[in-house]
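Participant: Provided herewith: protein20.txt, compact mmCIF, C-alpha atoms.
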```txt
# COMPACT_ATOMS: atom_id res chain seq x y z
CA MET K 1 -23.63 13.69 15.32
CA LYS K 2 -19.95 13.81 14.40
CA LYS K 3 -17.61 11.57 16.34
CA LYS K 4 -13.84 11.35 16.35
CA LEU K 5 -12.74 9.06 13.54
CA SER K 6 -10.09 6.36 13.88
CA ILE K 7 -7.51 5.83 11.16
CA PRO K 8 -9.10 2.49 10.10
CA SER K 9 -12.45 4.33 9.79
CA ILE K 10 -10.86 7.00 7.62
CA LYS K 11 -9.25 4.34 5.47
CA ARG K 12 -12.62 2.63 4.96
CA LEU K 13 -14.31 5.95 4.16
CA CYS K 14 -11.63 6.67 1.53
CA MET K 15 -12.32 3.25 0.00
CA MET K 16 -16.07 4.01 0.00
CA PHE K 17 -15.31 7.28 -1.78
CA GLN K 18 -13.34 5.35 -4.41
CA GLN K 19 -16.25 2.93 -4.64
CA CYS K 20 -18.70 5.80 -5.26
CA ASP K 21 -16.53 6.88 -8.21
CA GLU K 22 -16.56 3.36 -9.62
CA LEU K 23 -20.36 3.05 -9.20
CA LYS K 24 -20.88 6.47 -10.79
CA ALA K 25 -18.75 5.44 -13.78
CA LEU K 26 -20.92 2.32 -14.14
CA GLY K 27 -24.08 4.47 -14.05
CA ILE K 28 -25.28 2.92 -10.77
CA GLY K 29 -27.34 5.42 -8.79
CA ARG K 30 -28.02 3.65 -5.48
CA VAL K 31 -26.01 1.38 -3.22
CA SER K 32 -26.80 -0.37 0.06
CA SER K 33 -24.50 -0.53 3.07
CA THR K 34 -24.38 -4.32 2.53
CA GLN K 35 -23.11 -3.88 -1.04
CA LEU K 36 -20.57 -1.25 0.01
CA GLY K 37 -19.42 -3.44 2.88
CA LYS K 38 -18.98 -6.45 0.60
CA LYS K 39 -16.83 -4.40 -1.75
CA ILE K 40 -14.47 -3.19 0.95
CA GLY K 41 -14.57 -6.32 3.08
CA VAL K 42 -16.45 -5.17 6.21
CA PRO K 43 -19.96 -5.77 7.61
CA ALA K 44 -22.84 -3.44 6.64
CA HIS K 45 -23.13 -2.02 10.16
CA THR K 46 -19.48 -0.87 10.04
CA VAL K 47 -20.23 0.98 6.79
CA ARG K 48 -23.25 2.71 8.37
CA LYS K 49 -21.34 3.54 11.55
CA ASP K 50 -18.41 5.04 9.61
CA ILE K 51 -20.69 7.12 7.42
CA ASN K 52 -22.78 8.28 10.38
CA CYS K 53 -19.61 9.52 12.09
CA LEU K 54 -19.46 12.21 9.40
CA GLY K 55 -22.96 13.46 10.16
CA GLU K 56 -26.30 13.06 8.36
CA VAL K 57 -26.12 11.91 4.73
CA GLY K 58 -29.87 12.08 4.29
CA ASP K 59 -31.00 8.61 3.30
CA THR K 60 -30.59 5.05 4.45
CA GLY K 61 -32.98 2.13 4.67
CA SER K 62 -33.37 1.88 0.92
CA GLY K 63 -29.63 2.47 0.56
CA TYR K 64 -27.52 5.49 -0.28
CA ASP K 65 -27.83 7.77 -3.28
CA VAL K 66 -24.35 7.34 -4.81
CA ALA K 67 -23.91 10.96 -5.96
CA ARG K 68 -25.08 12.31 -2.60
CA LEU K 69 -22.88 9.92 -0.61
CA ARG K 70 -19.90 10.82 -2.78
CA GLN K 71 -20.48 14.55 -2.21
CA HIS K 72 -20.98 13.96 1.51
CA LEU K 73 -17.67 12.08 1.81
CA GLU K 74 -15.90 14.63 -0.42
CA ARG K 75 -16.95 17.50 1.84
CA ALA K 76 -16.46 15.77 5.17
CA LEU K 77 -13.01 14.44 4.32
CA GLY K 78 -11.90 17.67 2.64
CA PHE K 79 -11.37 16.28 -0.88
CA GLU K 80 -12.64 19.50 -2.48
CA GLN K 81 -9.35 21.06 -1.48
CA VAL K 82 -6.58 20.44 -4.02
CA ARG K 83 -3.39 19.32 -2.25
CA LYS K 84 0.09 19.84 -3.62
CA ALA K 85 2.51 16.93 -3.63
CA CYS K 86 6.06 16.10 -4.62
CA ILE K 87 7.92 12.93 -5.59
CA VAL K 88 11.23 12.35 -3.86
CA GLY K 89 13.61 9.90 -5.53
CA LEU K 90 13.36 9.59 -9.30
CA GLY K 91 14.53 6.02 -9.86
CA HIS K 92 12.26 3.42 -11.46
CA LEU K 93 9.48 3.83 -8.91
CA GLY K 94 9.70 7.64 -8.77
CA CYS K 95 9.51 7.80 -12.57
CA ALA K 96 6.53 5.43 -12.58
CA LEU K 97 4.82 7.78 -10.08
CA MET K 98 5.76 10.79 -12.23
CA ASN K 99 4.03 9.13 -15.18
CA TYR K 100 0.90 8.16 -13.25
CA GLU K 101 -1.89 10.17 -14.79
CA LYS K 102 -4.55 9.81 -12.05
CA PHE K 103 -3.22 12.50 -9.69
CA PRO K 104 -4.91 15.63 -11.15
CA GLU K 105 -8.38 14.02 -11.46
CA SER K 106 -8.01 12.81 -7.87
CA GLY K 107 -7.37 16.29 -6.47
CA PHE K 108 -3.60 16.13 -6.19
CA LEU K 109 -1.18 18.43 -7.99
CA VAL K 110 2.32 17.01 -8.29
CA LYS K 111 4.39 20.18 -8.31
CA ALA K 112 7.95 18.86 -8.13
CA GLY K 113 10.28 15.88 -8.32
CA PHE K 114 13.59 15.62 -6.47
CA ASP K 115 16.64 13.42 -6.82
CA SER K 116 20.08 13.46 -5.25
CA SER K 117 21.74 12.82 -8.62
CA VAL K 118 22.17 16.09 -10.52
CA ASN K 119 23.07 14.03 -13.57
CA ARG K 120 19.73 12.20 -13.42
CA ILE K 121 17.88 15.51 -12.99
CA GLU K 122 19.55 16.87 -16.12
CA THR K 123 18.91 13.85 -18.34
CA LEU K 124 15.40 12.94 -17.20
CA GLN K 125 12.43 13.35 -19.56
CA ALA K 126 10.08 14.77 -16.94
CA ARG K 127 6.54 16.09 -17.18
CA ILE K 128 6.93 18.06 -13.96
CA PRO K 129 9.66 20.41 -12.72
CA VAL K 130 12.53 18.38 -11.26
CA TYR K 131 15.15 19.66 -8.85
CA PRO K 132 18.28 18.41 -7.12
CA ALA K 133 17.65 17.17 -3.58
CA TYR K 134 19.48 20.10 -2.00
CA ASP K 135 16.73 22.43 -3.27
CA MET K 136 14.01 20.38 -1.53
CA LYS K 137 13.45 22.57 1.52
CA GLU K 138 13.24 25.75 -0.52
CA VAL K 139 10.95 24.34 -3.25
CA VAL K 140 8.60 22.61 -0.78
CA ARG K 141 8.16 25.89 1.12
CA ARG K 142 7.88 28.10 -1.96
CA GLU K 143 5.30 25.86 -3.69
CA GLY K 144 3.31 25.14 -0.54
CA ILE K 145 3.74 21.39 -1.00
CA GLU K 146 1.92 19.41 1.71
CA LEU K 147 2.44 15.77 0.71
CA ALA K 148 5.53 13.79 -0.29
CA LEU K 149 5.78 10.46 -2.07
CA LEU K 150 9.02 9.04 -0.73
CA ALA K 151 10.60 6.72 -3.30
CA VAL K 152 14.27 6.85 -2.31
CA PRO K 153 16.35 3.77 -1.35
CA ALA K 154 15.98 2.45 2.22
CA GLU K 155 19.38 3.86 3.27
CA ALA K 156 18.37 7.42 2.33
CA ALA K 157 14.76 7.31 3.53
CA GLN K 158 15.11 8.50 7.14
CA ASP K 159 17.38 11.48 6.31
CA THR K 160 15.14 12.50 3.43
CA ALA K 161 12.06 12.23 5.62
CA ASP K 162 13.77 14.45 8.23
CA THR K 163 14.44 17.09 5.56
CA LEU K 164 10.83 16.92 4.36
CA VAL K 165 9.53 17.31 7.91
CA ALA K 166 11.88 20.26 8.50
CA ALA K 167 10.56 21.81 5.27
CA GLY K 168 7.05 21.67 6.75
CA ILE K 169 5.48 18.72 4.95
CA SER K 170 2.28 17.33 6.55
CA GLY K 171 2.12 13.81 5.17
CA ILE K 172 4.40 11.20 3.64
CA VAL K 173 3.56 8.12 1.58
CA ASN K 174 6.60 5.99 2.30
CA PHE K 175 7.57 3.44 -0.37
CA ALA K 176 10.95 2.69 1.21
CA PRO K 177 11.07 -0.65 3.05
CA ILE K 178 11.85 0.88 6.45
CA ILE K 179 9.65 2.16 9.24
CA LEU K 180 10.32 5.89 9.53
CA LYS K 181 10.90 7.60 12.86
CA ILE K 182 8.87 10.84 12.78
CA PRO K 183 8.60 12.41 16.24
CA GLU K 184 6.37 15.26 14.99
CA ALA K 185 2.83 14.23 15.87
CA HIS K 186 1.25 16.37 13.15
CA VAL K 187 3.15 14.57 10.36
CA GLN K 188 1.40 11.41 9.22
CA VAL K 189 3.02 8.52 7.38
CA ARG K 190 1.36 5.87 5.23
CA ASN K 191 3.55 2.91 4.34
CA MET K 192 3.30 1.27 0.93
CA ASN K 193 5.57 -1.73 0.94
CA VAL K 194 5.02 -4.38 -1.71
CA ILE K 195 7.10 -6.97 0.18
CA ASN K 196 4.92 -6.51 3.27
CA GLU K 197 1.75 -7.00 1.23
CA MET K 198 3.23 -10.13 -0.36
CA ARG K 199 4.13 -11.38 3.13
CA VAL K 200 0.55 -10.81 4.30
CA LEU K 201 -0.68 -12.90 1.34
CA SER K 202 1.95 -15.53 2.03
CA SER K 203 0.94 -15.71 5.74
CA LEU K 204 -2.72 -16.05 4.79
CA MET K 205 -1.80 -18.95 2.52
CA THR K 206 0.32 -20.60 5.23
CA LEU K 207 -2.23 -20.15 8.00
CA GLY K 208 -5.20 -20.91 5.77
CA VAL K 209 -7.10 -17.94 7.28
CA MET Y 1 -1.84 -21.54 22.67
CA LYS Y 2 -2.47 -20.72 19.03
CA LYS Y 3 -5.56 -18.70 18.21
CA LYS Y 4 -7.12 -17.77 14.89
CA LEU Y 5 -5.45 -14.64 13.59
CA SER Y 6 -7.32 -11.71 12.07
CA ILE Y 7 -5.99 -9.96 8.95
CA PRO Y 8 -5.03 -6.83 10.95
CA SER Y 9 -3.07 -9.09 13.35
CA ILE Y 10 -1.27 -10.70 10.43
CA LYS Y 11 -0.47 -7.29 8.99
CA ARG Y 12 1.01 -6.19 12.31
CA LEU Y 13 3.03 -9.40 12.65
CA CYS Y 14 4.45 -8.86 9.15
CA MET Y 15 5.47 -5.34 10.19
CA MET Y 16 7.10 -6.75 13.34
CA PHE Y 17 9.02 -9.20 11.17
CA GLN Y 18 10.24 -6.29 9.02
CA GLN Y 19 11.15 -4.47 12.22
CA CYS Y 20 13.21 -7.45 13.43
CA ASP Y 21 15.19 -7.28 10.18
CA GLU Y 22 15.84 -3.57 10.69
CA LEU Y 23 16.91 -4.08 14.32
CA LYS Y 24 19.18 -6.97 13.31
CA ALA Y 25 20.82 -4.78 10.65
CA LEU Y 26 21.43 -2.14 13.34
CA GLY Y 27 22.99 -4.76 15.62
CA ILE Y 28 20.24 -4.43 18.25
CA GLY Y 29 19.73 -7.72 20.08
CA ARG Y 30 16.71 -7.10 22.32
CA VAL Y 31 13.46 -5.21 21.89
CA SER Y 32 10.51 -4.59 24.21
CA SER Y 33 6.86 -4.85 23.19
CA THR Y 34 6.60 -1.11 23.95
CA GLN Y 35 9.38 -0.30 21.48
CA LEU Y 36 7.92 -2.61 18.84
CA GLY Y 37 4.47 -1.11 19.38
CA LYS Y 38 5.78 2.43 19.03
CA LYS Y 39 7.43 1.54 15.75
CA ILE Y 40 4.30 0.07 14.21
CA GLY Y 41 1.84 2.42 15.90
CA VAL Y 42 -0.02 0.12 18.32
CA PRO Y 43 0.00 -0.35 22.12
CA ALA Y 44 2.45 -2.80 23.73
CA HIS Y 45 -0.34 -5.17 24.82
CA THR Y 46 -1.46 -5.54 21.18
CA VAL Y 47 2.10 -6.53 20.24
CA ARG Y 48 2.19 -9.15 23.01
CA LYS Y 49 -1.28 -10.44 22.14
CA ASP Y 50 -0.42 -10.79 18.44
CA ILE Y 51 2.85 -12.58 19.18
CA ASN Y 52 1.23 -14.87 21.76
CA CYS Y 53 -1.33 -15.93 19.15
CA LEU Y 54 1.53 -17.71 17.37
CA GLY Y 55 2.47 -19.78 20.43
CA GLU Y 56 5.33 -19.48 22.93
CA VAL Y 57 8.31 -17.34 21.87
CA GLY Y 58 10.19 -18.04 25.06
CA ASP Y 59 10.92 -14.71 26.66
CA THR Y 60 9.07 -11.58 27.66
CA GLY Y 61 9.28 -9.28 30.67
CA SER Y 62 12.78 -8.14 29.81
CA GLY Y 63 11.73 -7.94 26.17
CA TYR Y 64 12.19 -10.17 23.16
CA ASP Y 65 15.41 -11.55 21.77
CA VAL Y 66 15.34 -10.08 18.24
CA ALA Y 67 16.86 -13.10 16.46
CA ARG Y 68 14.56 -15.52 18.29
CA LEU Y 69 11.45 -13.40 17.66
CA ARG Y 70 12.39 -13.11 13.98
CA GLN Y 71 12.79 -16.88 13.67
CA HIS Y 72 9.54 -17.43 15.54
CA LEU Y 73 7.62 -15.14 13.18
CA GLU Y 74 9.37 -16.61 10.14
CA ARG Y 75 8.29 -20.13 11.07
CA ALA Y 76 4.79 -19.32 12.24
CA LEU Y 77 3.95 -17.21 9.21
CA GLY Y 78 5.62 -19.58 6.75
CA PHE Y 79 8.30 -17.23 5.46
CA GLU Y 80 10.81 -20.06 5.18
CA GLN Y 81 8.92 -21.19 2.12
CA VAL Y 82 9.98 -19.39 -1.06
CA ARG Y 83 6.92 -18.23 -3.03
CA LYS Y 84 6.86 -17.70 -6.77
CA ALA Y 85 5.38 -14.51 -8.14
CA CYS Y 86 4.71 -12.80 -11.45
CA ILE Y 87 4.27 -9.20 -12.57
CA VAL Y 88 1.28 -8.53 -14.80
CA GLY Y 89 1.38 -5.30 -16.84
CA LEU Y 90 4.82 -4.03 -17.81
CA GLY Y 91 4.22 -0.29 -18.08
CA HIS Y 92 6.09 2.19 -15.87
CA LEU Y 93 4.96 0.58 -12.61
CA GLY Y 94 5.44 -3.01 -13.81
CA CYS Y 95 8.97 -2.16 -14.96
CA ALA Y 96 9.72 -0.46 -11.64
CA LEU Y 97 8.61 -3.68 -9.90
CA MET Y 98 10.71 -5.75 -12.30
CA ASN Y 99 13.75 -3.70 -11.29
CA TYR Y 100 13.08 -3.88 -7.55
CA GLU Y 101 15.93 -5.88 -6.12
CA LYS Y 102 14.45 -6.78 -2.69
CA PHE Y 103 12.30 -9.72 -3.84
CA PRO Y 104 14.86 -12.58 -3.67
CA GLU Y 105 16.23 -11.63 -0.21
CA SER Y 106 12.62 -11.40 1.01
CA GLY Y 107 11.74 -14.93 -0.04
CA PHE Y 108 9.96 -14.18 -3.30
CA LEU Y 109 11.05 -15.41 -6.72
CA VAL Y 110 9.68 -13.33 -9.58
CA LYS Y 111 9.44 -15.94 -12.32
CA ALA Y 112 7.63 -14.09 -15.10
CA GLY Y 113 6.33 -10.80 -16.44
CA PHE Y 114 3.30 -10.46 -18.71
CA ASP Y 115 2.02 -7.72 -20.98
CA SER Y 116 -0.77 -7.57 -23.54
CA SER Y 117 1.47 -5.73 -26.00
CA VAL Y 118 3.63 -8.19 -27.93
CA ASN Y 119 5.62 -5.23 -29.23
CA ARG Y 120 6.49 -4.18 -25.67
CA ILE Y 121 7.45 -7.75 -24.75
CA GLU Y 122 9.84 -7.85 -27.70
CA THR Y 123 11.54 -4.51 -27.06
CA LEU Y 124 11.75 -4.64 -23.25
CA GLN Y 125 15.11 -4.90 -21.50
CA ALA Y 126 13.95 -7.42 -18.91
CA ARG Y 127 15.82 -9.25 -16.15
CA ILE Y 128 13.14 -11.92 -15.96
CA PRO Y 129 11.38 -13.98 -18.64
CA VAL Y 130 8.54 -11.94 -20.15
CA TYR Y 131 5.57 -13.33 -22.03
CA PRO Y 132 2.55 -12.06 -23.94
CA ALA Y 133 -0.60 -11.97 -21.80
CA TYR Y 134 -2.22 -14.85 -23.72
CA ASP Y 135 0.44 -17.19 -22.31
CA MET Y 136 -0.42 -16.23 -18.72
CA LYS Y 137 -2.54 -19.24 -17.77
CA GLU Y 138 -0.05 -21.73 -19.16
CA VAL Y 139 3.06 -20.08 -17.65
CA VAL Y 140 1.46 -19.56 -14.20
CA ARG Y 141 0.53 -23.25 -14.07
CA ARG Y 142 3.81 -24.54 -15.48
CA GLU Y 143 5.97 -22.43 -13.14
CA GLY Y 144 3.79 -22.97 -10.05
CA ILE Y 145 3.34 -19.22 -9.57
CA GLU Y 146 1.27 -18.43 -6.48
CA LEU Y 147 1.29 -14.63 -6.27
CA ALA Y 148 0.60 -11.93 -8.85
CA LEU Y 149 1.49 -8.24 -8.76
CA LEU Y 150 -1.27 -6.69 -10.85
CA ALA Y 151 0.00 -3.50 -12.51
CA VAL Y 152 -2.33 -3.22 -15.51
CA PRO Y 153 -4.56 -0.19 -16.21
CA ALA Y 154 -7.87 0.01 -14.30
CA GLU Y 155 -9.92 -0.98 -17.38
CA ALA Y 156 -8.03 -4.26 -17.76
CA ALA Y 157 -7.67 -5.16 -14.08
CA GLN Y 158 -10.84 -7.21 -13.50
CA ASP Y 159 -10.45 -9.36 -16.65
CA THR Y 160 -6.78 -9.95 -15.90
CA ALA Y 161 -7.58 -10.88 -12.29
CA ASP Y 162 -10.20 -13.36 -13.56
CA THR Y 163 -7.58 -15.00 -15.80
CA LEU Y 164 -5.10 -15.18 -12.91
CA VAL Y 165 -7.70 -16.76 -10.63
CA ALA Y 166 -8.62 -19.27 -13.35
CA ALA Y 167 -4.90 -20.09 -13.69
CA GLY Y 168 -4.85 -21.02 -9.99
CA ILE Y 169 -3.16 -18.02 -8.39
CA SER Y 170 -3.60 -17.75 -4.57
CA GLY Y 171 -2.95 -14.06 -3.92
CA ILE Y 172 -2.97 -10.76 -5.79
CA VAL Y 173 -1.34 -7.46 -4.88
CA ASN Y 174 -3.58 -5.07 -6.80
CA PHE Y 175 -2.04 -1.76 -7.88
CA ALA Y 176 -4.93 -0.87 -10.20
CA PRO Y 177 -7.23 1.80 -8.74
CA ILE Y 178 -10.33 -0.41 -8.71
CA ILE Y 179 -11.73 -2.81 -6.14
CA LEU Y 180 -11.58 -6.28 -7.66
CA LYS Y 181 -14.50 -8.72 -7.54
CA ILE Y 182 -13.02 -12.11 -6.60
CA PRO Y 183 -15.72 -14.61 -5.63
CA GLU Y 184 -13.18 -17.36 -4.83
CA ALA Y 185 -12.78 -17.30 -1.05
CA HIS Y 186 -9.30 -18.85 -1.14
CA VAL Y 187 -7.88 -16.04 -3.31
CA GLN Y 188 -6.75 -13.06 -1.25
CA VAL Y 189 -6.27 -9.54 -2.54
CA ARG Y 190 -4.18 -6.73 -1.04
CA ASN Y 191 -4.79 -3.29 -2.52
CA MET Y 192 -1.93 -0.86 -3.00
CA ASN Y 193 -3.38 2.39 -4.21
CA VAL Y 194 -1.28 5.52 -3.90
CA ILE Y 195 -4.26 7.83 -4.42
CA ASN Y 196 -6.09 6.15 -1.53
CA GLU Y 197 -3.09 6.58 0.76
CA MET Y 198 -2.82 10.25 -0.24
CA ARG Y 199 -6.54 10.63 0.47
CA VAL Y 200 -6.08 9.12 3.93
CA LEU Y 201 -3.31 11.67 4.61
CA SER Y 202 -5.46 14.46 3.20
CA SER Y 203 -8.42 13.42 5.41
CA LEU Y 204 -6.19 13.32 8.49
CA MET Y 205 -5.02 16.86 7.67
CA THR Y 206 -8.61 18.07 7.14
CA LEU Y 207 -9.99 16.41 10.26
CA GLY Y 208 -6.96 17.19 12.39
CA VAL Y 209 -7.01 13.62 13.78
```
Show this structure as structure tokens.
Facilitator:
Amino acid sequence: MKKKLSIPSIKRLCMMFQQCDELKALGIGRVSSTQLGKKIGVPAHTVRKDINCLGEVGDTGSGYDVARLRQHLERALGFEQVRKACIVGLGHLGCALMNYEKFPESGFLVKAGFDSSVNRIETLQARIPVYPAYDMKEVVRREGIELALLAVPAEAAQDTADTLVAAGISGIVNFAPIILKIPEAHVQVRNMNVINEMRVLSSLMTLGV
Amino acid sequence: MKKKLSIPSIKRLCMMFQQCDELKALGIGRVSSTQLGKKIGVPAHTVRKDINCLGEVGDTGSGYDVARLRQHLERALGFEQVRKACIVGLGHLGCALMNYEKFPESGFLVKAGFDSSVNRIETLQARIPVYPAYDMKEVVRREGIELALLAVPAEAAQDTADTLVAAGISGIVNFAPIILKIPEAHVQVRNMNVINEMRVLSSLMTLGV
């Protein structure tokens, strides 16, 4: 039976999918819910509950067949569909993202890069088509881009996000150190903030959790 | 009364701390738990519960005084203490991190960068001292570095993490797209994986959550 999934469940299932890839690369054919849970830091019963939310995989008890579990997650979470993405802000971080070579093998096509500096656009050694920021709306629509990696400075992040939402984007990975205000319920944001992660580590050290 | 905090609680409290900074910058002096909750995507009672876990802040009902809440979180989570960090792997991402200017104002001192390529170390335009990877253990110990930002390729991530743990590091922000095996219970890892975040967005789009 399929149940409505929470965002933490989806996050765990995405980590399990990543784990299946790692196990496959190591030539490991079977994995138990205990082993999967250990890897992603949750109890075995949470692993089984999450997976069961997506419907029948076929086998448990003696563990999961890695290839079958991977395929099951791939189908249920829609990873067979290639999604188009863009990188907004081509400073150090944006360029690092532009040079990251894992996107195509992971089912993401980076179709465009944008920057507000026309000078930067003209001088950049880019592997993907790059455009000035004022072309963003048009290019996003024309290329059918669904996801944006937002790597602009904090001051520009909210305005840029508004433009992306107006262009019809469905999801934003936000690297800027601000919490975006997105009233549109169908647009999802994931925050990636290195300072916040360092603060979590720092708190754990302080509190001795 | 102080209670034991869970990692999700700590994550939320770190986001609230970030939020206090943003509100302060906007000149906003008071904030309600409802407003805070909306910003970080949780109900108001979760905000109050998390904050109460850290002991008395002083005021609720009419909301929190932003400056007082910020100070309360800063003390309780140990953010007054400056933590030393290093960047391991000085490719595109490592260099982007090296050029990120928010570390000092956020209470983190980046004391060193490491790379396995001596050639890269010698030719890099670096703002911080950079060392060949074989000096890692010695430099981490000598400088009292507690946190590592791990930006090496996936193939090198586990070995590098092992060296960091052996050098006495307490926390790792892992950018490599693998799940690290760290048997030492006192060493915490936070994963920052852009592909995983894009997959979460993609799943949300597929499932229409």
Participant: May I ask which of the residues K:Ile195, K:Ala167, K:Cys20, K:Ala126 is the closest one to Glu105 of chain Y, counting only C-alpha atoms?
Facilitator: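 Comparing K:Ile195, K:Ala167, K:Cys20, K:Ala126 against Glu105 of chain Y, the winner is K:Ile195.
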Participant: Counting only C-alpha atoms, which residues from chain K have an atom at most 8 Å from any atom of chain Y, and could you show them as a PyMOL selection string?
Facilitator: chain K and resi 4-6+10-11+14-15+18-19+22+39-40+77-79+83+92-93+95-97+99+102-103+106+147+170-173+178-179+181+188-190+192+194-207+209
Participant: Quote the spacing between atom CA of Val140 of chain K and atom CA of Ala112 of chain K in Å to one decimal place.
Facilitator: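 Atom CA of Val140 of chain K sits 8.3 Å away from atom CA of Ala112 of chain K.
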Participant: Give me, as a PyMOL selection string, all polymer residues having an atom no more than 9 Å from Leu124 of chain K, counting all atoms listed in the file and skipping those fewer than 5 positions away in the same chain.
Facilitator: chain K and resi 90+119+130
Participant: Write the residues you've just listed into a file as a PDB file, in the coordinates of the input, and include C-alpha atoms for each of them.
Facilitator:
```pdb
ATOM      1  CA  LEU K  90      13.360   9.590  -9.300  1.00  0.00           C
ATOM      2  CA  ASN K 119      23.070  14.030 -13.570  1.00  0.00           C
ATOM      3  CA  VAL K 130      12.530  18.380 -11.260  1.00  0.00           C
TER       4      VAL K 130
END
```
Participant: Work out how far atom CA of Leu73 of chain K is from atom CA of Asp50 of chain K, in Å to one decimal.
Facilitator: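 Separating atom CA of Asp50 of chain K from atom CA of Leu73 of chain K is a distance of 10.5 Å.
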Participant: Each side padded by 8 Å, which centre and which edge lengths in Å (one decimal) define the axis-aligned box around the listed atoms of segment 118-126 of chain K? Give them as JSON.
Facilitator:
```
{"center_x": 16.6, "center_y": 14.5, "center_z": -15.0, "size_x": 29.0, "size_y": 20.7, "size_z": 25.0}
```
Participant: As a PyMOL selection string, please: the residues near segment 62-64 of chain K (cut-off 7 Å, all atoms listed in the file, same-chain neighbours under 4 positions excluded).
Facilitator: chain K and resi 30-33+69
Participant: Expressed in Å to a single decimal, how great is the separation between atom CA of Pro183 of chain Y and atom CA of Leu164 of chain Y?
Facilitator: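 Atom-to-atom, atom CA of Pro183 of chain Y to atom CA of Leu164 of chain Y, that is 12.9 Å.
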Participant: From the list Y:Lys137, Y:Lys24, Y:Arg120, Y:His45, which residue is nearest Gly89 of chain Y when using all atoms listed in the file?
Facilitator: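 Checking each candidate against Gly89 of chain Y, we get Y:Arg120 as the closest.
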Participant: In file coordinates, which residues lie within 9 Å of (15.5, 8.6, 3.9) using all atoms listed in the file, given as a list in words?
Facilitator: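 These residues have at least one counted atom within 9 Å: Leu150, Ala151, Val152, Pro153, Ala154, Glu155, Ala156, Ala157, Gln158, Asp159, Thr160, Ala161, Asp162, Thr163, Ala176, Ile178 and Leu180 of chain K.
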Participant: Measuring atom to atom with only C-alpha atoms, identify which of K:Met16, K:Ile145, K:Leu54, K:Leu26 is nearest to Gly41 of chain K.
Facilitator: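 Looking at the shortest contact to Gly41 of chain K, the residue is K:Met16.
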Participant: Just give me the residues with any atom within 9 Å of (-24.7, 1.0, 5.7), file coordinates, counting all atoms listed in the file, written as a list in words.
Facilitator: Ser32, Ser33, Thr34, Gln35, Leu36, Gly37, Pro43, Ala44, His45, Thr46, Val47, Arg48, Lys49, Asp50, Ile51, Asn52, Thr60, Gly61, Gly63 and Tyr64 of chain K
Participant: Step by step: locate segment 101-113 of chain Y in the block above, keep N, CA and C atoms, then write the file as a PDB file, in the first residue's frame.
Facilitator:
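Final file, out.pdb:
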```
ATOM      1  N   GLU Y 101      33.625  34.210   1.941  1.00  0.00           N
ATOM      2  CA  GLU Y 101      34.086  35.184   2.929  1.00  0.00           C
ATOM      3  C   GLU Y 101      33.237  35.223   4.208  1.00  0.00           C
ATOM      4  N   LYS Y 102      32.272  34.289   4.357  1.00  0.00           N
ATOM      5  CA  LYS Y 102      31.387  34.331   5.519  1.00  0.00           C
ATOM      6  C   LYS Y 102      31.935  33.572   6.735  1.00  0.00           C
ATOM      7  N   PHE Y 103      33.028  32.840   6.575  1.00  0.00           N
ATOM      8  CA  PHE Y 103      33.502  32.021   7.699  1.00  0.00           C
ATOM      9  C   PHE Y 103      33.874  32.841   8.943  1.00  0.00           C
ATOM     10  N   PRO Y 104      34.746  33.876   8.809  1.00  0.00           N
ATOM     11  CA  PRO Y 104      35.171  34.571  10.031  1.00  0.00           C
ATOM     12  C   PRO Y 104      34.005  35.182  10.798  1.00  0.00           C
ATOM     13  N   GLU Y 105      33.086  35.877  10.100  1.00  0.00           N
ATOM     14  CA  GLU Y 105      31.958  36.522  10.781  1.00  0.00           C
ATOM     15  C   GLU Y 105      31.005  35.498  11.392  1.00  0.00           C
ATOM     16  N   SER Y 106      31.118  34.238  10.973  1.00  0.00           N
ATOM     17  CA  SER Y 106      30.246  33.190  11.503  1.00  0.00           C
ATOM     18  C   SER Y 106      30.915  32.393  12.621  1.00  0.00           C
ATOM     19  N   GLY Y 107      32.113  32.804  13.004  1.00  0.00           N
ATOM     20  CA  GLY Y 107      32.773  32.145  14.129  1.00  0.00           C
ATOM     21  C   GLY Y 107      33.650  30.972  13.737  1.00  0.00           C
ATOM     22  N   PHE Y 108      34.028  30.906  12.472  1.00  0.00           N
ATOM     23  CA  PHE Y 108      34.909  29.817  12.030  1.00  0.00           C
ATOM     24  C   PHE Y 108      36.174  30.387  11.410  1.00  0.00           C
ATOM     25  N   LEU Y 109      37.312  29.858  11.859  1.00  0.00           N
ATOM     26  CA  LEU Y 109      38.603  30.283  11.328  1.00  0.00           C
ATOM     27  C   LEU Y 109      39.133  29.168  10.441  1.00  0.00           C
ATOM     28  N   VAL Y 110      39.232  29.441   9.149  1.00  0.00           N
ATOM     29  CA  VAL Y 110      39.799  28.425   8.249  1.00  0.00           C
ATOM     30  C   VAL Y 110      41.311  28.577   8.279  1.00  0.00           C
ATOM     31  N   LYS Y 111      41.970  27.604   8.904  1.00  0.00           N
ATOM     32  CA  LYS Y 111      43.403  27.712   9.185  1.00  0.00           C
ATOM     33  C   LYS Y 111      44.290  27.068   8.128  1.00  0.00           C
ATOM     34  N   ALA Y 112      43.720  26.157   7.323  1.00  0.00           N
ATOM     35  CA  ALA Y 112      44.573  25.437   6.376  1.00  0.00           C
ATOM     36  C   ALA Y 112      43.758  24.819   5.252  1.00  0.00           C
ATOM     37  N   GLY Y 113      44.437  24.671   4.108  1.00  0.00           N
ATOM     38  CA  GLY Y 113      43.881  23.915   2.985  1.00  0.00           C
ATOM     39  C   GLY Y 113      44.854  22.801   2.643  1.00  0.00           C
TER      40      GLY Y 113
END
```
